[in-house]
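Input: a single structure, listed below in structure tokens.
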Amino acid sequence: MAQYELNLRDYWHVVRKQRRTVLLMVFLVALSSLALSELLRPTPMYEATASVKYDRSSTLAGFFVETMSYSYTDDVASQTEVVRSYPVIEAAAKAAGLIPATVSSDAIRNNPNLLKIVLDLQRRVKAEREGNTNIIRIRVTAAESRQAEQLANGVMEAYREENTRNRNRQVEEGKAFIEAQLTVVKARLDQAEQGLEQFKKTEGVVEISDEAKAALTELTRAEAELEKVRRTLEEIDEQAGQLQRGDNLGHATGSSRIFTEEAAAQVFMLNTKLMDLQQERDTLLISYLPEHPAVIELNNKIQVVRGEMIRELQSKRETYQIRNEQLAARFAELKRQYYSVPEKALRLARLEREVKVNSDIYALLETKHQEALIRGAEKIVEVTQLQPAFASPLPVNVPNTLLNMFIGAIIGCLLGLMIGFVQESFDTSLGTIEDVESFLGLPVLGVLPHAGDDVTSHASQMGATGSTKSSVRPWFAGWFGRGRQSKFAERAGRGRSAADLSLLYAPKSALAESYRSLRTNVLFTSLGKPLQVVQLTSVAIGEGKTSVIVNLAVSMAQAGKRVLVIDADLRRPAIHQVFGIDKSPGLTELLLGTKTAQQVCRSLPDLLMGRFKVEEIMAFPGIDKLNIVTSGFLPPNPSECLNSARLDDLMREFRQQYDLILIDTPPILPVADSIILGRKADGTLLVYEVGDIPRVALRRAKLVLEQAQVKVLGIVLNNMRAEIAMDQYHFDYHYPYFAAGTAAEPVHQPAQVNGSPARK
């Protein structure tokens with residue numbers, strides 16, 4: 001690769017040069033993406049979505065204060081985990097018929113097959129919050145569309161039932177507490193009534209004065225208040241003890257729910273918060289271990305709430321303890337004050353008071369029991385169905401083939417660019433005139449562009465015969481190597497192309513003009529000392545030296561010079577194929593003395609007997625000044641034949657007969673024929689195919705010629721392409737090929753590089 005500072009335009013030229021690699025990688029990666037999409041196509045899975053609305057409700061004062069409801073959207077994230085909790089999924093599996101409905105939860109946990117069904121369903125259930133709202137979307141995937149719909153609706157109903165059951169648990173516990181108290185109070189009331197009835201039967205009618213009745217009433221009221229305070233203290237002690245017994249937070253069963261008749265908002269708010277935290281923790285413990293950070297965080301919150309409740313209850317107990325002491329002192333004072341009341345009257349008053357107190361308590365409990373029944377019938381509903389699930393006709397895991405191919409094409413493009421730039425960095429060939437001249441110290445005498453569409457079009461207009469494919473490298477050759485041997489074999493096996501005789505078949509093309517420029521440069525080179533014998537050689541096989549020597553010879557002949565072309569490549573001769581004449585007799589027979597120079601030199605009549613037609617020869621004046629000596633038969637020792645004294649005699653003879661002798665020789669590096677013939681020539685032209693031969697090989701060829709004291713006239717750059725030549729040779733040819741006044745119009749022919757017309 002040329003050693004100069006690159007700009008954006010240079011990068012673009014590199015991309016153009018490596019475009020086949022890029023296109024190949026794009027095609028291969030895109031095709032691989034398509035194949036993988038089809039081969040790895042998953043089993044179709046269908047998804048159904050149901051939506052529910054969650055409104056958080058909390059009771060602030062139990063059964064004795066009207067319910068105040070307020071919503072928490074912050075708890076929706078926790079509810080999404082509740083949707084995927086084990087109890088909900090288990091109930092949904094039973095509702096869908098995946099598990100028999102009669103099997104208990106313990107039996108399911110102990111059965112690996114049934115447990116696997118529940119856990120598999122849990123993995124296929126997704127719950128997510130809709131934005132910042134309190135709406136939860138439940139998504140379920142299944143192998144069948146109807147099954148996905150059934151499971152999504154089943155999970156939604158199971159979640160609603162689980163939420164309703166948990167939120168109404170306090171109501172059920174309160175009802176159970178009231179029912180237990182009703183039994184106790186009923187027994188005390190029955191006992192008090194039996195005692196009063198027995199007293200009346202035994203003592204008969206007892207008269208009590210109004211003063212005694214007032215005293216007894218005051219005493220009874222004080223005793224009732226004292227009893228109420230003592231019962232409240234007992235309730236507070238029970239609540240605090242229940243909280244303290246639940247301090248072991250490491251177990252899922254450490255739930256401390258309390259119930260009280262006292263309408264204390266602060267205690268009930270803390271109690272509700274405690275229940276919610278414990279419910280959330282129990283839900284997490286289904287899926288996580290107690291050591292999980294989320295569980296530990298909830299345990300810490302529960303501990304804080306318990307501490308606040310215990311402190312609140314202790315403060316409340318201190319207040320009631322002071323009141324209890326005050327009521328006890330007042331009750332004792334009333335007893336001493338009214339001690340003078342008759343004993344029978346006092347006993348009767350006490351019995352009536354006990355009956356009245358128990359009767360009032362029983363009536364109150366009956367009222368509360370009815371309220372509890374009403375609350376239980378109403379139920380607290382926090383989850384509302386918004387949209388049921390529907391069967392989806394299309395699976396959700398269908399691979400997007402077009403998107404995969406598009407992504408694959410992008411990846412292939414990037415990979416192709418990377419490979420292209422890597423190849424370019426390892427390219428040691430020379431690509432510009434400046435590179436060649438500075439590297440070798442030799443002038444560039446000619447620049448021959450790639451034979452593109454202009455040569456083909458001109459050749460078709462002139463009626464050229466022969467294949468035009470062999471001069472152009474196959475479009476895929478660059479992907480699998482340089483293809484030098486295959487290119488040479490193609491030329492040798494199929495005949496030559498129109499590009500080999502572009503001056504005849506495409507005289508107005510850019511390639512033909514390049515040969516005329518080469519002719520002019522060669523003639524100017526010989527101004528000081530006339531050049532009569534010029535050797536054309538190359539570094540390696542297939543660089544186009546035969547095409548160069550043939551067109552240069554035609555150009556010299558058209559300039560009026562007597563030209564002789566000698567095919568001295570006794571290993572792979574090709575000049576006879578270009579002109580369509582026989583290979584023998586030729587140079588080999590001439591060197592062996594079996595033929596004379598007049599017998600082996602081919603002229604215009606021989607060309608007419610070959611591939612050329614009379615009208616083609618007549619269209620190009622000067623072709624009669626061209627003579628050709630073919631290679632002849634291929635000897636077993638080409639180097640010894642060329643190094644013979646007979647060749648020196650022939651060269652002296654030819655110098656007297658011709659103005660210019662052009663010798664086509666084998667490549668320099670493979671064999672020594674070019675070195676032998678270079679000593680006999682006045683100068684050597686080195687043909688170099690741009691971008692195809694490493695610079696080291698080119699320098700080695702020059703050193704070999706210089707060591708043999710062969711004069712190198714200059715370099716001919718062949719097959720120059722736009723992507724290789726960078727900014728070289730973007731020009732137009734605009735020559736009037738016909739004289740003024742003739743019928744033909746001037747031809748405006750753009751020079752083409754790589755088959756593309758160059759811009760002005």
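Here's how to read the names in the structure tokens: chain A, B, ... by the order shown, residue numbers from 1 in each chain, ligand numbers from 1 in the order shown.
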
Within 9 Å of A:Val447 using only C-alpha atoms, minus same-chain residues under 3 positions, as an mmCIF file with N, CA and C atoms, in the first residue's frame:
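Contents of out20.cif, as written:
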```
data_model
loop_
_atom_site.group_PDB
_atom_site.id
_atom_site.type_symbol
_atom_site.label_atom_id
_atom_site.label_comp_id
_atom_site.auth_asym_id
_atom_site.auth_seq_id
_atom_site.Cartn_x
_atom_site.Cartn_y
_atom_site.Cartn_z
ATOM 1 N N ILE A 433 2.025 6.689 -10.052
ATOM 2 C CA ILE A 433 3.258 6.993 -10.782
ATOM 3 C C ILE A 433 4.349 7.457 -9.828
ATOM 4 N N VAL A 444 8.313 6.642 -15.686
ATOM 5 C CA VAL A 444 7.145 5.927 -16.190
ATOM 6 C C VAL A 444 6.868 6.467 -17.580
ATOM 7 N N SER A 514 -3.541 5.793 -25.043
ATOM 8 C CA SER A 514 -2.432 5.538 -24.114
ATOM 9 C C SER A 514 -1.265 4.886 -24.840
ATOM 10 N N TYR A 515 -1.547 3.982 -25.796
ATOM 11 C CA TYR A 515 -0.463 3.372 -26.574
ATOM 12 C C TYR A 515 0.224 4.410 -27.462
ATOM 13 N N SER A 517 0.555 7.524 -26.687
ATOM 14 C CA SER A 517 1.407 8.287 -25.763
ATOM 15 C C SER A 517 2.669 7.516 -25.436
ATOM 16 N N LEU A 518 2.538 6.204 -25.260
ATOM 17 C CA LEU A 518 3.716 5.367 -25.005
ATOM 18 C C LEU A 518 4.670 5.417 -26.191
ATOM 19 N N ILE A 715 9.382 2.325 -17.132
ATOM 20 C CA ILE A 715 8.308 1.436 -16.699
ATOM 21 C C ILE A 715 7.049 1.752 -17.496
ATOM 22 N N VAL A 716 6.314 0.703 -17.847
ATOM 23 C CA VAL A 716 4.991 0.846 -18.462
ATOM 24 C C VAL A 716 3.973 0.291 -17.465
ATOM 25 N N LEU A 717 3.115 1.174 -16.954
ATOM 26 C CA LEU A 717 2.086 0.749 -15.996
ATOM 27 C C LEU A 717 0.873 0.261 -16.769
ATOM 28 N N ASN A 718 0.546 -0.989 -16.568
ATOM 29 C CA ASN A 718 -0.539 -1.619 -17.321
ATOM 30 C C ASN A 718 -1.743 -1.884 -16.411
ATOM 31 N N ASN A 719 -2.912 -1.888 -17.052
ATOM 32 C CA ASN A 719 -4.165 -2.252 -16.352
ATOM 33 C C ASN A 719 -4.428 -1.335 -15.159
ATOM 34 N N MET A 720 -4.269 -0.025 -15.369
ATOM 35 C CA MET A 720 -4.497 0.958 -14.313
ATOM 36 C C MET A 720 -5.997 1.094 -14.064
ATOM 37 N N TYR A 729 -5.304 10.252 -13.705
ATOM 38 C CA TYR A 729 -5.839 10.091 -15.045
ATOM 39 C C TYR A 729 -7.340 10.189 -15.098
#
```

*Show which residues sit within 9 Å of A:Leu662, as a ChimeraX atom specification. Count only C-alpha atoms, and ignore same-chain residues fewer than 6 positions away.*
/A:532-536,549-550,552-553,563-567

Using all heavy atoms, can you write the selected residues to a file as a CSV table (one decimal), in the first residue's frame?
```csv
chain,number,residue,atom,x,y,z
A,532,GLN,N,17.1,1.0,-31.6
A,532,GLN,CA,16.6,0.2,-32.7
A,532,GLN,C,16.1,-1.2,-32.2
A,532,GLN,O,15.2,-1.7,-32.8
A,532,GLN,CB,17.8,-0.1,-33.7
A,532,GLN,CG,17.3,-0.6,-35.1
A,532,GLN,CD,18.5,-0.6,-36.1
A,532,GLN,OE1,19.6,-0.2,-35.8
A,532,GLN,NE2,18.1,-0.9,-37.3
A,533,VAL,N,16.7,-1.7,-31.1
A,533,VAL,CA,16.2,-2.9,-30.6
A,533,VAL,C,15.7,-2.7,-29.1
A,533,VAL,O,16.5,-2.2,-28.3
A,533,VAL,CB,17.3,-4.0,-30.6
A,533,VAL,CG1,16.8,-5.3,-30.0
A,533,VAL,CG2,17.9,-4.2,-32.0
A,534,VAL,N,14.5,-3.0,-28.9
A,534,VAL,CA,13.9,-2.7,-27.6
A,534,VAL,C,13.3,-4.0,-27.1
A,534,VAL,O,12.5,-4.7,-27.8
A,534,VAL,CB,12.8,-1.6,-27.6
A,534,VAL,CG1,12.2,-1.5,-26.2
A,534,VAL,CG2,13.4,-0.3,-28.1
A,535,GLN,N,13.6,-4.4,-25.9
A,535,GLN,CA,13.1,-5.6,-25.3
A,535,GLN,C,11.9,-5.2,-24.3
A,535,GLN,O,12.1,-4.3,-23.6
A,535,GLN,CB,14.2,-6.4,-24.5
A,535,GLN,CG,13.6,-7.5,-23.7
A,535,GLN,CD,14.7,-8.1,-22.8
A,535,GLN,OE1,15.0,-9.3,-22.8
A,535,GLN,NE2,15.2,-7.3,-21.9
A,536,LEU,N,10.8,-6.0,-24.4
A,536,LEU,CA,9.7,-5.8,-23.4
A,536,LEU,C,9.6,-7.0,-22.6
A,536,LEU,O,9.5,-8.1,-23.1
A,536,LEU,CB,8.4,-5.5,-24.2
A,536,LEU,CG,8.1,-4.0,-24.5
A,536,LEU,CD1,8.9,-3.7,-25.8
A,536,LEU,CD2,6.7,-3.8,-24.7
A,549,ILE,N,3.4,-5.0,-26.3
A,549,ILE,CA,4.4,-5.0,-27.5
A,549,ILE,C,3.6,-5.1,-28.8
A,549,ILE,O,4.1,-4.4,-29.8
A,549,ILE,CB,5.3,-6.2,-27.3
A,549,ILE,CG1,6.5,-6.0,-28.3
A,549,ILE,CG2,4.6,-7.6,-27.6
A,549,ILE,CD1,7.6,-7.1,-28.1
A,550,VAL,N,2.5,-5.7,-28.9
A,550,VAL,CA,1.7,-5.8,-30.1
A,550,VAL,C,1.2,-4.4,-30.5
A,550,VAL,O,1.3,-3.9,-31.6
A,550,VAL,CB,0.6,-6.9,-30.0
A,550,VAL,CG1,-0.3,-6.7,-31.2
A,550,VAL,CG2,1.2,-8.3,-30.0
A,552,LEU,N,2.2,-1.5,-29.3
A,552,LEU,CA,3.3,-0.6,-29.5
A,552,LEU,C,3.8,-0.7,-30.9
A,552,LEU,O,4.1,0.2,-31.6
A,552,LEU,CB,4.3,-0.8,-28.5
A,552,LEU,CG,5.6,0.1,-28.6
A,552,LEU,CD1,5.1,1.6,-28.5
A,552,LEU,CD2,6.6,-0.2,-27.5
A,553,ALA,N,3.9,-2.0,-31.4
A,553,ALA,CA,4.4,-2.3,-32.7
A,553,ALA,C,3.4,-1.7,-33.8
A,553,ALA,O,3.9,-1.1,-34.8
A,553,ALA,CB,4.6,-3.8,-32.9
A,563,VAL,N,8.8,-2.0,-38.7
A,563,VAL,CA,8.8,-2.6,-37.3
A,563,VAL,C,8.8,-4.1,-37.5
A,563,VAL,O,8.1,-4.7,-38.3
A,563,VAL,CB,7.6,-2.2,-36.5
A,563,VAL,CG1,7.6,-2.8,-35.1
A,563,VAL,CG2,7.5,-0.7,-36.4
A,564,LEU,N,9.7,-4.7,-36.7
A,564,LEU,CA,9.7,-6.2,-36.6
A,564,LEU,C,9.5,-6.6,-35.2
A,564,LEU,O,10.1,-6.1,-34.2
A,564,LEU,CB,11.1,-6.7,-37.0
A,564,LEU,CG,11.4,-8.2,-36.8
A,564,LEU,CD1,10.4,-9.0,-37.8
A,564,LEU,CD2,12.8,-8.6,-37.1
A,565,VAL,N,8.5,-7.5,-35.0
A,565,VAL,CA,8.2,-8.0,-33.7
A,565,VAL,C,8.7,-9.5,-33.6
A,565,VAL,O,8.3,-10.3,-34.5
A,565,VAL,CB,6.6,-8.0,-33.5
A,565,VAL,CG1,6.3,-8.6,-32.1
A,565,VAL,CG2,6.1,-6.6,-33.5
A,566,ILE,N,9.5,-9.7,-32.6
A,566,ILE,CA,10.1,-11.1,-32.5
A,566,ILE,C,9.5,-11.7,-31.2
A,566,ILE,O,9.6,-11.1,-30.1
A,566,ILE,CB,11.6,-11.0,-32.4
A,566,ILE,CG1,12.2,-10.4,-33.7
A,566,ILE,CG2,12.2,-12.4,-32.1
A,566,ILE,CD1,13.7,-10.3,-33.6
A,567,ASP,N,8.9,-12.8,-31.3
A,567,ASP,CA,8.4,-13.5,-30.1
A,567,ASP,C,9.5,-14.4,-29.6
A,567,ASP,O,9.6,-15.6,-30.1
A,567,ASP,CB,7.1,-14.4,-30.5
A,567,ASP,CG,6.4,-14.9,-29.3
A,567,ASP,OD1,6.9,-14.7,-28.2
A,567,ASP,OD2,5.3,-15.5,-29.5
```

*Select, from A:Asn163, A:Gln239, A:Ser37, A:Thr367, the residue with the minimum atom-to-atom distance to A:Leu403, counting only C-alpha atoms.*
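Using only C-alpha atoms, the shortest distance to A:Leu403 belongs to A:Ser37.
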
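If you look at atom CA of A:Ala30 and atom CA of A:Ile407, they are 7.7 Å away from each other.
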
*Within 9 Å of A:Leu373, counting only C-alpha atoms, which residues show up once you throw out same-chain ones fewer than 5 positions away? Write them as an MDAnalysis selection string, please.*
chainID A and resid 171:172 175 368 378
